[in-house]
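Heads up, coords38.cif below (mmCIF, C-alpha atoms):
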data_model
#
loop_
_atom_site.label_atom_id
_atom_site.label_comp_id
_atom_site.auth_asym_id
_atom_site.auth_seq_id
_atom_site.Cartn_x
_atom_site.Cartn_y
_atom_site.Cartn_z
CA MET Z 18 128.57 -8.95 -122.10
CA THR Z 19 125.87 -11.55 -122.78
CA GLY Z 20 124.30 -12.85 -125.93
CA VAL Z 21 121.71 -14.96 -127.66
CA LEU Z 22 122.43 -18.68 -127.78
CA ALA Z 23 120.79 -21.04 -130.29
CA VAL Z 24 121.06 -24.84 -130.17
CA ASP Z 25 120.03 -27.38 -132.80
CA LEU Z 26 120.18 -30.87 -131.29
CA GLY Z 27 119.61 -33.64 -133.80
CA LYS Z 28 120.25 -37.35 -133.64
CA THR Z 29 123.50 -37.04 -135.59
CA ASN Z 30 124.90 -33.64 -134.66
CA CYS Z 31 124.50 -30.91 -132.08
CA ARG Z 32 125.14 -27.44 -133.45
CA ALA Z 33 125.16 -24.19 -131.53
CA ALA Z 34 125.65 -20.52 -132.36
CA LEU Z 35 126.16 -17.58 -130.04
CA TRP Z 36 125.54 -14.00 -131.10
CA THR Z 37 127.28 -11.31 -129.02
CA GLU Z 38 128.45 -7.74 -129.46
CA ALA Z 39 131.74 -9.21 -130.68
CA GLY Z 40 130.09 -11.24 -133.44
CA ARG Z 41 128.92 -14.80 -134.00
CA PHE Z 42 130.58 -17.89 -132.58
CA ASP Z 43 129.81 -21.48 -133.68
CA ALA Z 44 130.51 -24.95 -132.34
CA GLU Z 45 129.45 -28.50 -133.16
CA GLY Z 46 129.53 -31.95 -131.57
CA PRO Z 47 127.76 -35.32 -131.59
CA GLY Z 48 123.97 -35.44 -131.33
CA ALA Z 49 121.77 -37.56 -129.06
CA ALA Z 50 119.27 -40.35 -129.59
CA GLY Z 51 116.25 -38.09 -129.04
CA LEU Z 52 114.11 -37.00 -126.12
CA ALA Z 53 111.74 -39.94 -126.57
CA ALA Z 54 114.59 -42.39 -125.96
CA VAL Z 55 115.41 -43.86 -122.55
CA ASP Z 56 117.10 -41.13 -120.46
CA GLY Z 57 116.51 -38.79 -123.39
CA ALA Z 58 116.66 -35.58 -121.34
CA VAL Z 59 119.91 -36.60 -119.66
CA THR Z 60 121.71 -37.61 -122.84
CA ALA Z 61 120.43 -34.47 -124.59
CA GLU Z 62 121.71 -32.29 -121.76
CA HIS Z 63 125.16 -33.88 -121.95
CA ALA Z 64 125.34 -33.41 -125.72
CA ILE Z 65 124.25 -29.78 -125.51
CA LEU Z 66 126.50 -28.79 -122.63
CA ALA Z 67 129.55 -30.37 -124.29
CA VAL Z 68 129.08 -28.04 -127.24
CA VAL Z 69 127.76 -24.93 -125.48
CA ARG Z 70 130.40 -24.75 -122.76
CA LYS Z 71 133.09 -24.90 -125.42
CA LEU Z 72 131.28 -22.15 -127.31
CA LEU Z 73 130.90 -19.87 -124.26
CA GLN Z 74 134.56 -20.32 -123.40
CA ARG Z 75 135.56 -19.36 -126.93
CA ALA Z 76 133.44 -16.21 -126.66
CA GLY Z 77 134.78 -15.37 -123.21
CA LEU Z 78 131.38 -15.67 -121.54
CA THR Z 79 130.04 -17.65 -118.60
CA CYS Z 80 126.38 -17.48 -119.63
CA ALA Z 81 123.94 -16.32 -122.30
CA ALA Z 82 120.95 -14.19 -121.38
CA THR Z 83 118.59 -15.73 -123.91
CA VAL Z 84 118.65 -19.33 -125.11
CA ALA Z 85 116.55 -21.29 -127.61
CA VAL Z 86 116.91 -25.04 -128.06
CA GLY Z 87 115.44 -27.23 -130.77
CA ALA Z 88 115.79 -30.87 -129.75
CA ALA Z 89 114.79 -34.00 -131.65
CA GLY Z 90 111.70 -35.57 -130.08
CA ALA Z 91 110.57 -32.50 -128.12
CA LEU Z 92 107.06 -32.45 -129.58
CA SER Z 93 106.41 -36.07 -128.70
CA ALA Z 94 108.22 -36.26 -125.36
CA THR Z 95 106.91 -33.03 -123.82
CA VAL Z 96 107.73 -34.00 -120.23
CA ALA Z 97 111.32 -34.79 -121.16
CA ALA Z 98 111.48 -31.48 -123.04
CA GLN Z 99 110.32 -29.60 -119.94
CA VAL Z 100 112.88 -31.42 -117.78
CA LEU Z 101 115.63 -30.62 -120.27
CA ALA Z 102 114.63 -26.95 -120.39
CA GLU Z 103 114.69 -26.60 -116.62
CA ARG Z 104 118.03 -28.41 -116.28
CA LEU Z 105 119.66 -26.29 -118.99
CA LEU Z 106 118.35 -23.07 -117.44
CA VAL Z 107 120.36 -23.89 -114.32
CA ALA Z 108 123.37 -25.55 -115.94
CA LEU Z 109 124.19 -22.86 -118.49
CA PRO Z 110 122.99 -20.64 -116.64
CA ALA Z 111 120.51 -18.42 -118.50
CA ARG Z 112 117.84 -15.86 -117.66
CA ARG Z 113 115.28 -17.29 -120.06
CA LEU Z 114 115.12 -20.35 -122.28
CA ALA Z 115 112.80 -21.50 -125.07
CA MET Z 116 112.51 -25.22 -125.78
CA THR Z 117 110.99 -26.81 -128.87
CA SER Z 118 111.64 -29.41 -131.55
CA ASP Z 119 114.53 -29.29 -133.98
CA ALA Z 120 111.87 -29.48 -136.72
CA VAL Z 121 110.20 -26.28 -135.44
CA ILE Z 122 113.40 -24.23 -135.44
CA ALA Z 123 114.22 -25.63 -138.88
CA HIS Z 124 110.83 -24.43 -140.16
CA ALA Z 125 111.28 -21.00 -138.61
CA GLY Z 126 114.73 -20.64 -140.13
CA ALA Z 127 113.95 -22.02 -143.57
CA LEU Z 128 110.88 -19.80 -144.10
CA ALA Z 129 112.09 -16.84 -141.98
CA GLY Z 130 109.18 -17.26 -139.58
CA GLN Z 131 106.55 -17.24 -142.34
CA PRO Z 132 103.82 -19.84 -143.07
CA GLY Z 133 104.39 -22.75 -145.42
CA VAL Z 134 105.84 -26.25 -145.42
CA VAL Z 135 109.34 -27.46 -144.66
CA LEU Z 136 110.53 -31.00 -145.28
CA ALA Z 137 113.63 -31.89 -143.26
CA VAL Z 138 115.51 -35.05 -144.19
CA GLY Z 139 118.56 -36.15 -142.28
CA THR Z 140 118.92 -39.01 -139.85
CA GLY Z 141 115.14 -38.66 -139.47
CA ALA Z 142 112.45 -37.23 -141.72
CA VAL Z 143 109.61 -34.86 -140.91
CA ALA Z 144 107.42 -32.35 -142.71
CA ILE Z 145 106.17 -29.34 -140.77
CA SER Z 146 103.26 -27.23 -141.97
CA VAL Z 147 102.42 -23.93 -140.28
CA GLY Z 148 99.54 -21.78 -141.46
CA GLY Z 149 99.21 -18.03 -141.20
CA ASP Z 150 97.14 -18.40 -138.03
CA GLY Z 151 99.70 -20.72 -136.45
CA ALA Z 152 97.78 -23.90 -137.29
CA PHE Z 153 100.43 -26.57 -136.96
CA THR Z 154 100.76 -29.98 -138.59
CA ARG Z 155 103.58 -32.45 -138.21
CA VAL Z 156 103.72 -35.32 -140.70
CA ASP Z 157 105.92 -38.28 -139.74
CA GLY Z 158 108.93 -37.47 -137.58
CA CYS Z 159 107.87 -40.54 -135.59
CA GLY Z 160 111.39 -41.83 -134.99
CA PRO Z 161 113.37 -44.67 -136.56
CA TRP Z 162 111.25 -47.55 -135.24
CA LEU Z 163 107.78 -46.21 -136.09
CA GLY Z 164 108.37 -43.74 -138.91
CA ASP Z 165 110.92 -41.35 -140.43
CA ASP Z 166 110.06 -42.93 -143.78
CA GLY Z 167 112.62 -42.15 -146.47
CA SER Z 168 115.11 -40.74 -143.96
CA GLY Z 169 118.81 -41.46 -143.68
CA THR Z 170 118.11 -44.11 -141.05
CA TRP Z 171 115.30 -45.65 -143.10
CA LEU Z 172 117.43 -45.80 -146.23
CA GLY Z 173 120.53 -47.00 -144.40
CA LEU Z 174 118.66 -49.79 -142.62
CA ALA Z 175 116.94 -50.85 -145.84
CA GLY Z 176 120.31 -51.02 -147.55
CA LEU Z 177 121.87 -53.07 -144.77
CA ARG Z 178 118.93 -55.47 -144.75
CA SER Z 179 119.44 -55.97 -148.48
CA VAL Z 180 123.12 -56.66 -147.84
CA LEU Z 181 122.36 -59.38 -145.30
CA ARG Z 182 119.69 -60.91 -147.54
CA ALA Z 183 122.14 -61.01 -150.45
CA GLU Z 184 124.80 -62.60 -148.27
CA ASP Z 185 122.67 -65.51 -147.10
CA GLY Z 186 120.88 -66.10 -150.39
CA ARG Z 187 117.51 -64.54 -149.62
CA GLY Z 188 118.03 -61.53 -151.85
CA LEU Z 189 119.54 -60.36 -155.10
CA PRO Z 190 123.27 -59.69 -155.49
CA THR Z 191 124.14 -56.04 -154.92
CA SER Z 192 127.17 -53.79 -154.86
CA LEU Z 193 125.92 -52.63 -151.46
CA CYS Z 194 127.70 -55.64 -149.96
CA ALA Z 195 131.09 -54.21 -150.90
CA ALA Z 196 130.02 -50.76 -149.69
CA ALA Z 197 128.92 -52.13 -146.32
CA LEU Z 198 132.13 -54.11 -145.95
CA ALA Z 199 134.19 -50.99 -146.63
CA ARG Z 200 132.22 -48.87 -144.17
CA PHE Z 201 131.47 -51.26 -141.30
CA GLY Z 202 133.82 -54.23 -141.62
CA ALA Z 203 132.82 -57.89 -141.56
CA LEU Z 204 129.21 -58.29 -142.67
CA ALA Z 205 128.58 -60.98 -140.07
CA ASP Z 206 129.18 -58.33 -137.40
CA LEU Z 207 126.59 -55.87 -138.77
CA PRO Z 208 123.84 -56.72 -136.25
CA ALA Z 209 126.23 -56.02 -133.38
CA VAL Z 210 127.67 -52.90 -135.01
CA ILE Z 211 124.24 -51.33 -135.50
CA GLY Z 212 122.29 -52.75 -132.57
CA GLY Z 213 125.10 -52.34 -130.08
CA ASP Z 214 125.73 -48.68 -130.85
CA ALA Z 215 124.59 -46.06 -128.35
CA ASN Z 216 122.77 -44.31 -131.20
CA PRO Z 217 121.71 -47.04 -133.69
CA ALA Z 218 119.73 -44.63 -135.87
CA ARG Z 219 122.77 -42.43 -136.44
CA GLN Z 220 124.97 -45.44 -137.13
CA ALA Z 221 122.57 -46.87 -139.70
CA ALA Z 222 122.13 -43.48 -141.37
CA ARG Z 223 125.83 -43.47 -142.23
CA PHE Z 224 124.99 -46.01 -144.96
CA ALA Z 225 122.32 -43.91 -146.67
CA GLY Z 226 124.81 -42.09 -148.88
CA ASP Z 227 126.27 -45.41 -150.02
CA VAL Z 228 122.80 -46.57 -151.07
CA ILE Z 229 122.17 -43.37 -153.04
CA ARG Z 230 125.54 -43.49 -154.79
CA SER Z 231 125.11 -47.18 -155.63
CA ALA Z 232 121.70 -46.38 -157.10
CA ALA Z 233 123.22 -43.61 -159.22
CA SER Z 234 125.82 -46.12 -160.46
CA GLY Z 235 123.10 -48.45 -161.71
CA ASP Z 236 122.75 -51.00 -158.90
CA ALA Z 237 119.20 -52.37 -159.22
CA VAL Z 238 118.70 -53.16 -155.52
CA ALA Z 239 119.90 -49.74 -154.41
CA GLY Z 240 117.88 -48.07 -157.15
CA ASP Z 241 114.69 -49.69 -155.91
CA LEU Z 242 115.41 -48.59 -152.34
CA LEU Z 243 116.07 -45.02 -153.44
CA ALA Z 244 112.80 -44.98 -155.41
CA GLN Z 245 110.94 -46.20 -152.31
CA ALA Z 246 112.55 -43.48 -150.19
CA VAL Z 247 111.60 -40.78 -152.69
CA ARG Z 248 107.99 -41.99 -152.82
CA ALA Z 249 107.79 -41.97 -149.04
CA LEU Z 250 109.17 -38.43 -148.80
CA VAL Z 251 106.82 -37.20 -151.54
CA THR Z 252 103.88 -38.70 -149.66
CA THR Z 253 105.00 -37.05 -146.41
CA THR Z 254 105.43 -33.68 -148.08
CA ARG Z 255 102.11 -33.76 -149.93
CA ALA Z 256 100.27 -34.65 -146.73
CA ALA Z 257 101.74 -31.58 -145.03
CA VAL Z 258 101.02 -29.33 -148.02
CA ALA Z 259 97.39 -30.48 -148.17
CA ARG Z 260 96.85 -29.47 -144.54
CA CYS Z 261 98.65 -26.12 -144.61
CA GLY Z 262 95.50 -24.09 -145.22
CA ILE Z 263 97.10 -21.18 -147.07
CA PRO Z 264 96.53 -20.05 -150.68
CA GLU Z 265 98.34 -21.88 -153.47
CA PRO Z 266 101.11 -22.10 -154.35
CA VAL Z 267 102.26 -23.17 -150.88
CA PRO Z 268 105.83 -22.12 -150.02
CA LEU Z 269 107.99 -25.23 -149.67
CA ALA Z 270 111.59 -25.58 -148.52
CA LEU Z 271 113.55 -28.84 -148.63
CA ILE Z 272 116.32 -28.99 -146.05
CA GLY Z 273 118.45 -31.40 -144.06
CA GLY Z 274 121.84 -33.06 -144.12
CA LEU Z 275 120.84 -35.92 -146.41
CA LEU Z 276 119.33 -33.61 -149.04
CA ASP Z 277 122.25 -31.19 -148.81
CA GLY Z 278 124.82 -33.95 -149.16
CA GLU Z 279 123.13 -36.06 -151.82
CA PRO Z 280 122.01 -34.03 -154.87
CA VAL Z 281 120.62 -37.16 -156.58
CA LEU Z 282 118.05 -37.57 -153.80
CA ARG Z 283 117.15 -33.87 -153.87
CA ALA Z 284 116.67 -33.87 -157.64
CA GLN Z 285 114.44 -36.95 -157.61
CA LEU Z 286 112.39 -35.58 -154.73
CA GLN Z 287 111.86 -32.23 -156.45
CA ALA Z 288 110.76 -34.01 -159.62
CA GLY Z 289 108.28 -36.09 -157.64
CA LEU Z 290 106.66 -33.03 -156.09
CA VAL Z 291 105.93 -31.18 -159.32
CA ASP Z 292 102.47 -32.59 -160.07
CA GLY Z 293 100.82 -32.80 -156.66
CA PRO Z 294 97.13 -32.00 -156.11
CA VAL Z 295 98.09 -28.74 -154.33
CA ARG Z 296 100.56 -26.49 -156.11
CA VAL Z 297 103.77 -25.66 -154.27
CA ARG Z 298 106.36 -22.93 -154.67
CA PRO Z 299 109.77 -24.49 -153.98
CA GLN Z 300 112.27 -22.04 -152.57
CA ALA Z 301 115.74 -22.06 -151.13
CA ALA Z 302 115.91 -21.99 -147.36
CA ALA Z 303 116.10 -18.43 -146.04
CA GLY Z 304 118.23 -19.53 -143.11
CA THR Z 305 119.33 -22.45 -140.98
CA ALA Z 306 117.73 -24.05 -137.95
CA LEU Z 307 120.07 -21.96 -135.80
CA ASP Z 308 118.72 -18.80 -137.43
CA GLY Z 309 115.24 -20.07 -136.64
CA ALA Z 310 116.16 -20.72 -133.01
CA ARG Z 311 117.53 -17.20 -132.69
CA LEU Z 312 114.31 -15.79 -134.12
CA LEU Z 313 112.25 -17.74 -131.59
CA ALA Z 314 114.59 -16.75 -128.76
CA GLU Z 315 114.15 -13.06 -129.45
CA ARG Z 316 110.45 -12.92 -130.35
CA THR Z 317 107.27 -14.22 -128.73
CA ASP Z 318 104.84 -13.16 -131.46
CA THR Z 319 105.68 -15.68 -134.20
CA ILE Z 320 103.35 -18.27 -135.71
CA HIS Z 321 105.47 -20.92 -133.93
CA GLU Z 322 104.87 -19.67 -130.39
CA ALA Z 323 102.31 -22.33 -129.43
CA ARG Z 324 104.95 -25.02 -130.01
CA LEU Z 325 107.46 -23.61 -127.53
CA GLN Z 326 107.99 -24.22 -123.86
CA ARG Z 327 109.50 -21.16 -122.17
CA VAL Z 328 111.17 -21.18 -118.78
CA TRP Z 329 112.59 -18.26 -116.85
CA ALA Z 330 115.05 -17.93 -114.02
CA ALA Z 331 113.92 -16.86 -110.53
CA THR Z 332 110.16 -16.88 -109.97
CA GLN Z 333 108.88 -16.24 -113.49
CA PRO Z 334 106.12 -18.70 -114.54
CA ALA Z 335 106.80 -21.27 -117.25
CA SER Z 336 104.65 -21.91 -120.27
CA GLY Z 337 104.10 -25.24 -122.04
CA PHE Z 338 103.11 -26.44 -125.47
CA ALA Z 339 99.60 -25.57 -126.53
CA SER Z 340 97.29 -28.55 -126.79
#
What does the file become when written as structure tokens?
Amino acid sequence: MTGVLAVDLGKTNCRAALWTEAGRFDAEGPGAAGLAAVDGAVTAEHAILAVVRKLLQRAGLTCAATVAVGAAGALSATVAAQVLAERLLVALPARRLAMTSDAVIAHAGALAGQPGVVLAVGTGAVAISVGGDGAFTRVDGCGPWLGDDGSGTWLGLAGLRSVLRAEDGRGLPTSLCAAALARFGALADLPAVIGGDANPARQAARFAGDVIRSAASGDAVAGDLLAQAVRALVTTTRAAVARCGIPEPVPLALIGGLLDGEPVLRAQLQAGLVDGPVRVRPQAAAGTALDGARLLAERTDTIHEARLQRVWAATQPASGFAS
């Protein structure tokens, strides 16, 4: 008995689901820093295999016939994505494997393979627009050092910077100092705690919820940071909507761990998107990124196909991302 295996590798978590004749099996573990990071393919492989091998064992299988992986950074680091795909094909093993970005599988799952825009906000932040003809636009998703504006990492880092400025007299007093102390320990150790972590973006993103909750409690510093994050995410979303190229109102789904876990952020973001120059039709996500990965594993005729790398066992040719 074999099955269809879907993997969603983000910078915070790695989630996997396996569909077999016996039903669905799920597993989860830590994520990886992203394929664009140093040794990105290697660290991604380790994170994926730690989760998938546990999942296969639970299902009583040694392999899955069809695999689809969405990995953070795959659209930017295409060589690393190809290396990861080929290594996983052997390590799992599998007969065929589709590799793409975690943002692509999230789009496919949220809109059930249909055109529109998806904004995903978690550790990172990216808006994906796919038109009816497959025309593809990615807005932001540039990683924690060059982009991901308004993301969990962005908001967490901004909050921690405000903490350090308040502590040494450069900034305004803020309740974020107490929140940071409770979460990370001595404030003097913050640079080492964040910078010395194997995944600094994930570590910093842990503080994003504290910033949002402090803002909701009336802290002026946190409130300003939350407002900046919302404006950045609105700008990202509107840029993607404007380039979607489908009739108004454009279908729009808002997804991601930060939005799911922090209703204050979701509510403010939705309010900010109401009066854009292109009308949108907000809708609940039809499915998860894992549902999207399964869809892309089983079909080769979707509007997302040009953004996949497919590799096959034996002598089958591989295909790469379209230019």
**Study point:** Picked residues, the PyMOL selection byres ((chain Z and resi 154) around 8), as a PyMOL selection string
**Key:** chain Z and resi 145-147+152-153+155-156+257+260-261
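Nearest residue to Ala33 (chain Z), choosing from Z:Ala244, Z:Ala53, Z:Ala61, Z:Ala85 and counting all atoms listed in the file: Z:Ala85.
Excluding Gly27 (chain Z) and any residue on its chain fewer than 6 positions from it, the residues at most 9 Å away by only C-alpha atoms are Pro47, Gly48, Ala49, Ala50, Gly51, Gly87, Ala88, Ala89, Gly90, Asp119, Gly139, Thr140 and Gly141 of chain Z.
What the PyMOL selection byres ((chain Z and resi 73) around 10) picks from this file is Thr19, Gly20, Leu22, Ala34, Leu35, Phe42, Asp43, Ala44, Val68, Val69, Arg70, Lys71, Leu72, Gln74, Arg75, Ala76, Gly77, Leu78, Thr79, Cys80, Ala81 and Leu109 of chain Z.
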For the residues selected in the previous step, produce a file with C-alpha atoms as a PDB file, keeping the file's coordinate frame.
ATOM      1  CA  THR Z  19     125.870 -11.550-122.780  1.00  0.00           C
ATOM      2  CA  GLY Z  20     124.300 -12.850-125.930  1.00  0.00           C
ATOM      3  CA  LEU Z  22     122.430 -18.680-127.780  1.00  0.00           C
ATOM      4  CA  ALA Z  34     125.650 -20.520-132.360  1.00  0.00           C
ATOM      5  CA  LEU Z  35     126.160 -17.580-130.040  1.00  0.00           C
ATOM      6  CA  PHE Z  42     130.580 -17.890-132.580  1.00  0.00           C
ATOM      7  CA  ASP Z  43     129.810 -21.480-133.680  1.00  0.00           C
ATOM      8  CA  ALA Z  44     130.510 -24.950-132.340  1.00  0.00           C
ATOM      9  CA  VAL Z  68     129.080 -28.040-127.240  1.00  0.00           C
ATOM     10  CA  VAL Z  69     127.760 -24.930-125.480  1.00  0.00           C
ATOM     11  CA  ARG Z  70     130.400 -24.750-122.760  1.00  0.00           C
ATOM     12  CA  LYS Z  71     133.090 -24.900-125.420  1.00  0.00           C
ATOM     13  CA  LEU Z  72     131.280 -22.150-127.310  1.00  0.00           C
ATOM     14  CA  GLN Z  74     134.560 -20.320-123.400  1.00  0.00           C
ATOM     15  CA  ARG Z  75     135.560 -19.360-126.930  1.00  0.00           C
ATOM     16  CA  ALA Z  76     133.440 -16.210-126.660  1.00  0.00           C
ATOM     17  CA  GLY Z  77     134.780 -15.370-123.210  1.00  0.00           C
ATOM     18  CA  LEU Z  78     131.380 -15.670-121.540  1.00  0.00           C
ATOM     19  CA  THR Z  79     130.040 -17.650-118.600  1.00  0.00           C
ATOM     20  CA  CYS Z  80     126.380 -17.480-119.630  1.00  0.00           C
ATOM     21  CA  ALA Z  81     123.940 -16.320-122.300  1.00  0.00           C
ATOM     22  CA  LEU Z 109     124.190 -22.860-118.490  1.00  0.00           C
TER      23      LEU Z 109
END
Which centre and which edge lengths, in Å to one decimal, describe the axis-aligned box that holds all listed atoms of region 113-126 of chain Z after 4 Å is added on each side, as lines of an AutoDock Vina configuration file?
center_x = 112.7
center_y = -23.4
center_z = -130.1
size_x = 13.1
size_y = 20.2
size_z = 28.1
Practice item. List the residues sitting within 12 Å of (102.5, -37.9, -149.4) in the file's frame, using only C-alpha atoms, as number ranges by chain. Key: Z: 136, 143-144, 156-157, 166-167, 246-260, 286, 289-290, 292-295
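The set of protein, DNA and RNA residues with any counted atom at most 9 Å from (109.7, -23.9, -125.7) (all atoms listed in the file) reads Z:Ala85, Z:Val86, Z:Gly87, Z:Ala91, Z:Ala98, Z:Gln99, Z:Ala102, Z:Leu114, Z:Ala115, Z:Met116, Z:Thr117, Z:Ser118, Z:Leu313, Z:Glu322, Z:Ala323, Z:Arg324, Z:Leu325, Z:Gln326, Z:Arg327, Z:Val328, Z:Ser336, Z:Gly337, Z:Phe338.
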Practice item. Let me know the residues the PyMOL selection byres ((chain Z and resi 122) around 8) catches in the file above, as number ranges by chain. Key: Z: 25, 87, 117-121, 123-126, 306-310, 313
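Here CA of Ala314 (chain Z) is placed at a distance of 20.7 Å from CA of Ala67 (chain Z).
One distance worth recording is that between CA of Glu184 (chain Z) and CA of Ala218 (chain Z), which is 22.4 Å.
Of the residues under consideration (Z:Pro132, Z:His321, Z:Ala203, Z:Gly186), Z:Pro132 shows the shortest atom-to-atom contact distance to Leu269 (chain Z) when counting all atoms listed in the file.
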